[in-house]
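Engineer: Okay, here's the structure, questions in a sec.
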There are 2 protein chains.
Amino acid sequence: MTKVKTVTASMIIIGDEILSGRTKDANLTHLSLWLNRMGVQLKEVRVIPDIARVIQDTVNDLRQCFDYVFTTGGIGPTHDDITAANIAAAFDVPFVQNEEALALLLKHYGNEKISDARLRMTMIPQGASLIRNPISAAPGFQMENVFVMAGIPVVMQSMLLDLEKRIYGGDRMLSKAVHVFEGESYFAGILEEVEQEFPHVSLGSYPFFCNKRYGASFILRSQVEADLEAALAILKLKIGALGRECFDGEAEL
Amino acid sequence: MTKVKTVTASMIIIGDEILSGRTKDANLTHLSLWLNRMGVQLKEVRVIPDIARVIQDTVNDLRQCFDYVFTTGGIGPTHDDITAANIAAAFDVPFVQNEEALALLLKHYGNEKISDARLRMTMIPQGASLIRNPISAAPGFQMENVFVMAGIPVVMQSMLLDLEKRIYGGDRMLSKAVHVFEGESYFAGILEEVEQEFPHVSLGSYPFFCNKRYGASFILRSQVEADLEAALAILKLKIGALGRECFDGEAEL
């Protein structure tokens, strides 16, 4: 019996501007690929509005269900940035000025350019540890298994650098791709056979239309490299046995 | 007292390929903007994996909380397309071949090109009404307040055409934008004042960095047009009173 260690995460994207359609989220894909490199699988994402009760309930719901929770958005200097206060409320801890955050912002802005609005970004739930922001100083923070990050992609990405030593992953998900230039339904039977033969491999079929040709990408994903390779080999044999050609592809999950 | 009629929706994006980072979702923004034109506000989005239990629980959770639920993904011809069967399970109704769906697929493919895999797409929860797919024939379906659609953006978008007469909206959310070329924190005080003065207006502040200049977009959203216009006028006056210039912008929510 193959033993696999799986570590899971969920993501909470906080912001009216994502739900309204004004802003396209650009963090999900980046976080997911980064997590996979850390050996962590993103298992659920929720996009929620800037509403106190919803933020608290969602955080408290997900932090029980997954090993890690990552939030993006709502930690800036204006009145609509309510994430940090509601993380404190979710954990039922005081929301206080953090001395380390204050020092970081004073160093970045200087005594003259600091303002009440910017000081808002020094308010952190008691007991949290900071996440460094090399772009614009105002930190994110970690509260138990919840990581609270900025929504601006370049800032969010820079914050992940500070998290590499705080995330303990399991067996990485690996992936392989095979492409065919024919509708996926033709291969439905063999895809099911391969997935049933390899319980540690999941197999997704994704149709595409490219250069006026229909086709499909078959993506094999597994935490067990030997099974992944074996499933790939058998899938390619079965495609050949159907009299069809297939092409190896790059698979980033 | 201004009376406002609010109709809400949630969206469930179903697919391992979104969570793994392989595929970027392209449906959230389109659905949100379309819903807003129908007078419906998207209030929550969940991205979930192709796991039976998770699909059922998520659908049953959200259909109680929102007026409408829209799902995308997982209704194709292969083994990994498990959405339809799990909607049937969520509603505790039989999962059966739908005669109308069969007729549509036979017409599209002809008797010769129909296959067991394609016939899979004629299986629909009992009691559902179909959603037409003018692109590739295989229909989506509506089960009470849940609308089950394809994940491929062009197909999903074409399905929305069939829903225009089935959605009953409330007062549309309207939006206005003002841009400034200075960090948002400078305006934090007046933003809060404006939001407090107009309970029917929400005001979001979104920083940007464009052509080497820092700035912020202030987005006002309201279902009450008079309040929106009044809040906009007062915000612009307050920006002027701070000695700063602002610029009207397009605001698509």
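Identifiers in this document derive from the order of the structure tokens: chains are assigned A, B, ..., residues are numbered from 1 separately in each chain, and ligands are numbered from 1 in order of occurrence.
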Hey, what does DSSP flag as alpha helix (DSSP H) within range 76-233 of chain B? Can you give it to me as number ranges by chain?

Structural biologist: B: 83-91, 99-113, 116-119, 153-161, 188-197, 225-233

Engineer: If we count only C-alpha atoms and set the cut-off at 12 Å, which residues sit around Ala89 in chain B, ignoring sequence neighbours fewer than 6 positions away in its own chain? Please answer as JSON, numbers by chain.

Structural biologist: {"B": [52, 53, 54, 55, 56, 57, 59, 60, 82, 83, 95, 96, 124, 125, 126, 143]}

Engineer: Find the residue from A:Gly215, A:Gly240, A:Gly21, A:Pro207 that sits nearest to Ile190 in chain A; use only C-alpha atoms when measuring.

Structural biologist: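 Ranking A:Gly215, A:Gly240, A:Gly21, A:Pro207 by distance to Ile190 in chain A, first place goes to A:Gly240.
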
Engineer: Taking only C-alpha atoms into account, what are the residues of chain B at most 6 Å from chain A, put as number ranges by chain?

Structural biologist: B: 19-22, 29, 32-33, 42, 44-48, 77-79, 117, 185, 188, 192, 252-253

Engineer: Which neighbours of Asn98 in chain B fall inside 12 Å, counting only C-alpha atoms, when residues of the same chain fewer than 3 positions from it are skipped, and could you give them as a tab-separated table (two decimals) with C-alpha atoms, in the first residue's frame?

Structural biologist:
```tsv
chain	number	residue	atom	x	y	z
B	94	PRO	CA	-33.36	10.28	-10.01
B	95	PHE	CA	-30.66	10.91	-12.62
B	101	ALA	CA	-31.61	16.41	-24.49
B	102	LEU	CA	-31.46	13.16	-26.48
B	103	ALA	CA	-33.28	14.77	-29.39
B	104	LEU	CA	-30.92	17.76	-29.33
B	105	LEU	CA	-27.82	15.59	-29.38
B	119	LEU	CA	-25.17	10.01	-24.54
B	120	ARG	CA	-23.80	10.67	-21.07
B	121	MET	CA	-24.67	14.31	-21.73
B	122	THR	CA	-28.37	13.41	-22.06
B	123	MET	CA	-28.48	12.34	-18.40
B	124	ILE	CA	-30.22	15.09	-16.41
B	125	PRO	CA	-31.77	15.24	-12.92
B	126	GLN	CA	-35.47	14.38	-13.09
B	127	GLY	CA	-37.62	17.50	-13.11
B	128	ALA	CA	-34.94	19.84	-14.44
B	129	SER	CA	-35.57	22.13	-17.41
B	130	LEU	CA	-32.87	22.37	-20.04
B	138	ALA	CA	-25.19	19.44	-25.08
B	139	PRO	CA	-27.51	21.34	-22.77
B	140	GLY	CA	-27.15	22.71	-19.28
B	141	PHE	CA	-30.14	22.60	-16.98
```

Engineer: Quick one: distance from CA of Glu229 in chain A to CA of Val40 in chain A in Å, one decimal?

Structural biologist: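 According to the coordinates, CA of Glu229 in chain A and CA of Val40 in chain A are separated by 21.0 Å.
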
Engineer: For Glu164 in chain B, please output as a PDB file with C-alpha atoms, in the first residue's frame all residues within 12 Å (counting only C-alpha atoms; exclusion window: fewer than 4 positions along the same chain).

Structural biologist:
```
ATOM      1  CA  TRP B  34     -24.296  39.775 -16.868  1.00  0.00           C
ATOM      2  CA  LEU B  35     -26.067  39.236 -13.549  1.00  0.00           C
ATOM      3  CA  ASN B  36     -25.778  42.884 -12.726  1.00  0.00           C
ATOM      4  CA  ARG B  37     -27.490  43.781 -15.992  1.00  0.00           C
ATOM      5  CA  MET B  38     -30.277  41.431 -14.871  1.00  0.00           C
ATOM      6  CA  GLY B  39     -30.528  43.198 -11.495  1.00  0.00           C
ATOM      7  CA  VAL B  40     -28.828  40.408  -9.547  1.00  0.00           C
ATOM      8  CA  ILE B 131     -30.634  25.329 -20.810  1.00  0.00           C
ATOM      9  CA  ARG B 132     -29.952  25.556 -24.541  1.00  0.00           C
ATOM     10  CA  GLN B 157     -21.777  32.618 -22.306  1.00  0.00           C
ATOM     11  CA  SER B 158     -24.068  31.223 -24.995  1.00  0.00           C
ATOM     12  CA  MET B 159     -26.127  29.445 -22.317  1.00  0.00           C
ATOM     13  CA  LEU B 160     -26.795  32.737 -20.552  1.00  0.00           C
ATOM     14  CA  TYR B 168     -36.059  37.996 -12.031  1.00  0.00           C
ATOM     15  CA  GLY B 169     -33.855  40.771 -10.780  1.00  0.00           C
TER      16      GLY B 169
END
```

Engineer: Provide the CA of Arg166 in chain B to CA of Val7 in chain B distance in Å, to one decimal place.

Structural biologist: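 Taking CA of Arg166 in chain B and CA of Val7 in chain B, their separation equals 13.4 Å.
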
Engineer: Do you have the CA of Arg172 in chain A-CA of Asn145 in chain A distance handy?

Structural biologist: 19.5 Å

Engineer: Quick one: everything within 6 Å of Ala150 in chain A, counting only C-alpha atoms, minus sequence neighbours fewer than 5 positions away in the same chain. Send it as a PyMOL selection string.

Structural biologist: chain A and resi 72-73+156

Engineer: Using only C-alpha atoms, find the one residue out of B:Asp171, B:Asp92, B:Asp61, B:Glu197 that sits nearest to Val224 in chain B.

Structural biologist: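 Using only C-alpha atoms, the shortest distance to Val224 in chain B belongs to B:Asp171.
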
Engineer: Would you mind listing what lies within 6 Å of Val178 in chain B as a ChimeraX atom specification, with only C-alpha atoms counted and same-chain residues fewer than 4 positions away left out?

Structural biologist: /B:217-218,247-249

Engineer: Store the residues of this selection in a file with N, CA and C atoms, as an mmCIF file, in the first residue's frame.

Structural biologist:
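Produced file again.cif, reproduced below:
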```
data_model
loop_
_atom_site.group_PDB
_atom_site.id
_atom_site.type_symbol
_atom_site.label_atom_id
_atom_site.label_comp_id
_atom_site.auth_asym_id
_atom_site.auth_seq_id
_atom_site.Cartn_x
_atom_site.Cartn_y
_atom_site.Cartn_z
ATOM 1 N N SER B 217 -8.309 54.489 -7.399
ATOM 2 C CA SER B 217 -9.654 54.617 -7.959
ATOM 3 C C SER B 217 -10.636 54.471 -6.809
ATOM 4 N N PHE B 218 -11.520 55.432 -6.701
ATOM 5 C CA PHE B 218 -12.581 55.339 -5.706
ATOM 6 C C PHE B 218 -13.852 54.943 -6.445
ATOM 7 N N PHE B 247 -10.354 62.856 -11.322
ATOM 8 C CA PHE B 247 -10.771 62.633 -12.706
ATOM 9 C C PHE B 247 -11.906 61.621 -12.745
ATOM 10 N N ASP B 248 -12.947 61.961 -13.484
ATOM 11 C CA ASP B 248 -14.052 61.009 -13.650
ATOM 12 C C ASP B 248 -13.556 59.803 -14.420
ATOM 13 N N GLY B 249 -14.056 58.655 -14.064
ATOM 14 C CA GLY B 249 -13.646 57.447 -14.776
ATOM 15 C C GLY B 249 -14.847 56.615 -15.149
#
```

Engineer: Using DSSP on the backbone coordinates, identify all residues within range 15-166 of chain A classified as strand (DSSP E or B); present the result as number ranges by chain.

Structural biologist: A: 40-48, 68-72, 95-97, 123-125, 129-131, 140-143, 146-149

Engineer: For those residues, write N, CA and C atoms to a file as a short mmCIF file (atom, residue, chain, number, x, y, z; two decimals), in the first residue's frame.

Structural biologist:
```
data_model
loop_
_atom_site.label_atom_id
_atom_site.label_comp_id
_atom_site.auth_asym_id
_atom_site.auth_seq_id
_atom_site.Cartn_x
_atom_site.Cartn_y
_atom_site.Cartn_z
N VAL A 40 1.75 21.48 -0.99
CA VAL A 40 0.42 21.73 -0.43
C VAL A 40 -0.59 21.83 -1.57
N GLN A 41 -1.76 21.21 -1.39
CA GLN A 41 -2.78 21.25 -2.44
C GLN A 41 -3.90 22.22 -2.08
N LEU A 42 -4.18 23.12 -3.00
CA LEU A 42 -5.30 24.05 -2.83
C LEU A 42 -6.59 23.29 -3.11
N LYS A 43 -7.48 23.24 -2.12
CA LYS A 43 -8.66 22.38 -2.22
C LYS A 43 -9.97 23.16 -2.32
N GLU A 44 -9.97 24.42 -1.94
CA GLU A 44 -11.19 25.22 -2.08
C GLU A 44 -10.82 26.69 -2.07
N VAL A 45 -11.54 27.46 -2.86
CA VAL A 45 -11.37 28.92 -2.87
C VAL A 45 -12.74 29.54 -2.67
N ARG A 46 -12.80 30.56 -1.84
CA ARG A 46 -14.05 31.33 -1.72
C ARG A 46 -13.77 32.79 -2.00
N VAL A 47 -14.63 33.39 -2.79
CA VAL A 47 -14.56 34.83 -3.03
C VAL A 47 -15.72 35.45 -2.26
N ILE A 48 -15.40 36.35 -1.36
CA ILE A 48 -16.45 36.90 -0.48
C ILE A 48 -16.38 38.43 -0.45
N TYR A 68 -4.04 24.76 5.98
CA TYR A 68 -3.69 26.17 5.90
C TYR A 68 -4.81 26.96 5.23
N VAL A 69 -4.93 28.22 5.62
CA VAL A 69 -5.87 29.13 4.96
C VAL A 69 -5.10 30.39 4.57
N PHE A 70 -5.29 30.83 3.35
CA PHE A 70 -4.65 32.05 2.87
C PHE A 70 -5.72 33.06 2.48
N THR A 71 -5.64 34.28 2.99
CA THR A 71 -6.57 35.30 2.53
C THR A 71 -5.81 36.35 1.73
N THR A 72 -6.51 36.94 0.76
CA THR A 72 -5.95 38.08 0.03
C THR A 72 -6.96 39.21 0.06
N PHE A 95 -7.59 43.50 18.92
CA PHE A 95 -7.03 44.06 17.69
C PHE A 95 -6.20 45.26 18.12
N VAL A 96 -4.88 45.11 18.05
CA VAL A 96 -3.99 46.07 18.72
C VAL A 96 -2.89 46.58 17.79
N GLN A 97 -2.29 47.72 18.18
CA GLN A 97 -1.15 48.20 17.42
C GLN A 97 0.03 47.28 17.68
N MET A 123 -2.27 47.96 12.89
CA MET A 123 -3.22 47.25 13.76
C MET A 123 -3.30 45.79 13.32
N ILE A 124 -2.99 44.90 14.26
CA ILE A 124 -2.83 43.47 13.96
C ILE A 124 -3.48 42.67 15.10
N PRO A 125 -4.07 41.53 14.82
CA PRO A 125 -4.63 40.73 15.91
C PRO A 125 -3.53 40.34 16.91
N SER A 129 1.95 36.71 14.06
CA SER A 129 3.32 37.04 13.64
C SER A 129 3.24 37.68 12.26
N LEU A 130 4.11 38.64 12.02
CA LEU A 130 4.01 39.43 10.78
C LEU A 130 4.51 38.66 9.56
N ILE A 131 4.00 39.03 8.41
CA ILE A 131 4.50 38.57 7.11
C ILE A 131 5.11 39.78 6.43
N GLY A 140 1.60 41.77 6.12
CA GLY A 140 0.51 40.83 6.37
C GLY A 140 0.78 40.16 7.71
N PHE A 141 0.04 39.13 8.03
CA PHE A 141 0.30 38.44 9.28
C PHE A 141 -0.23 37.01 9.26
N GLN A 142 0.37 36.22 10.17
CA GLN A 142 -0.06 34.83 10.35
C GLN A 142 -0.71 34.68 11.71
N MET A 143 -1.89 34.12 11.74
CA MET A 143 -2.59 33.84 13.00
C MET A 143 -2.88 32.35 12.98
N VAL A 146 -3.71 30.57 9.66
CA VAL A 146 -4.30 31.51 8.71
C VAL A 146 -3.27 32.58 8.33
N PHE A 147 -3.06 32.75 7.03
CA PHE A 147 -2.08 33.71 6.51
C PHE A 147 -2.83 34.83 5.80
N VAL A 148 -2.64 36.05 6.27
CA VAL A 148 -3.42 37.18 5.78
C VAL A 148 -2.52 38.06 4.93
N MET A 149 -2.86 38.17 3.65
CA MET A 149 -1.96 38.83 2.70
C MET A 149 -2.67 39.94 1.93
#
```
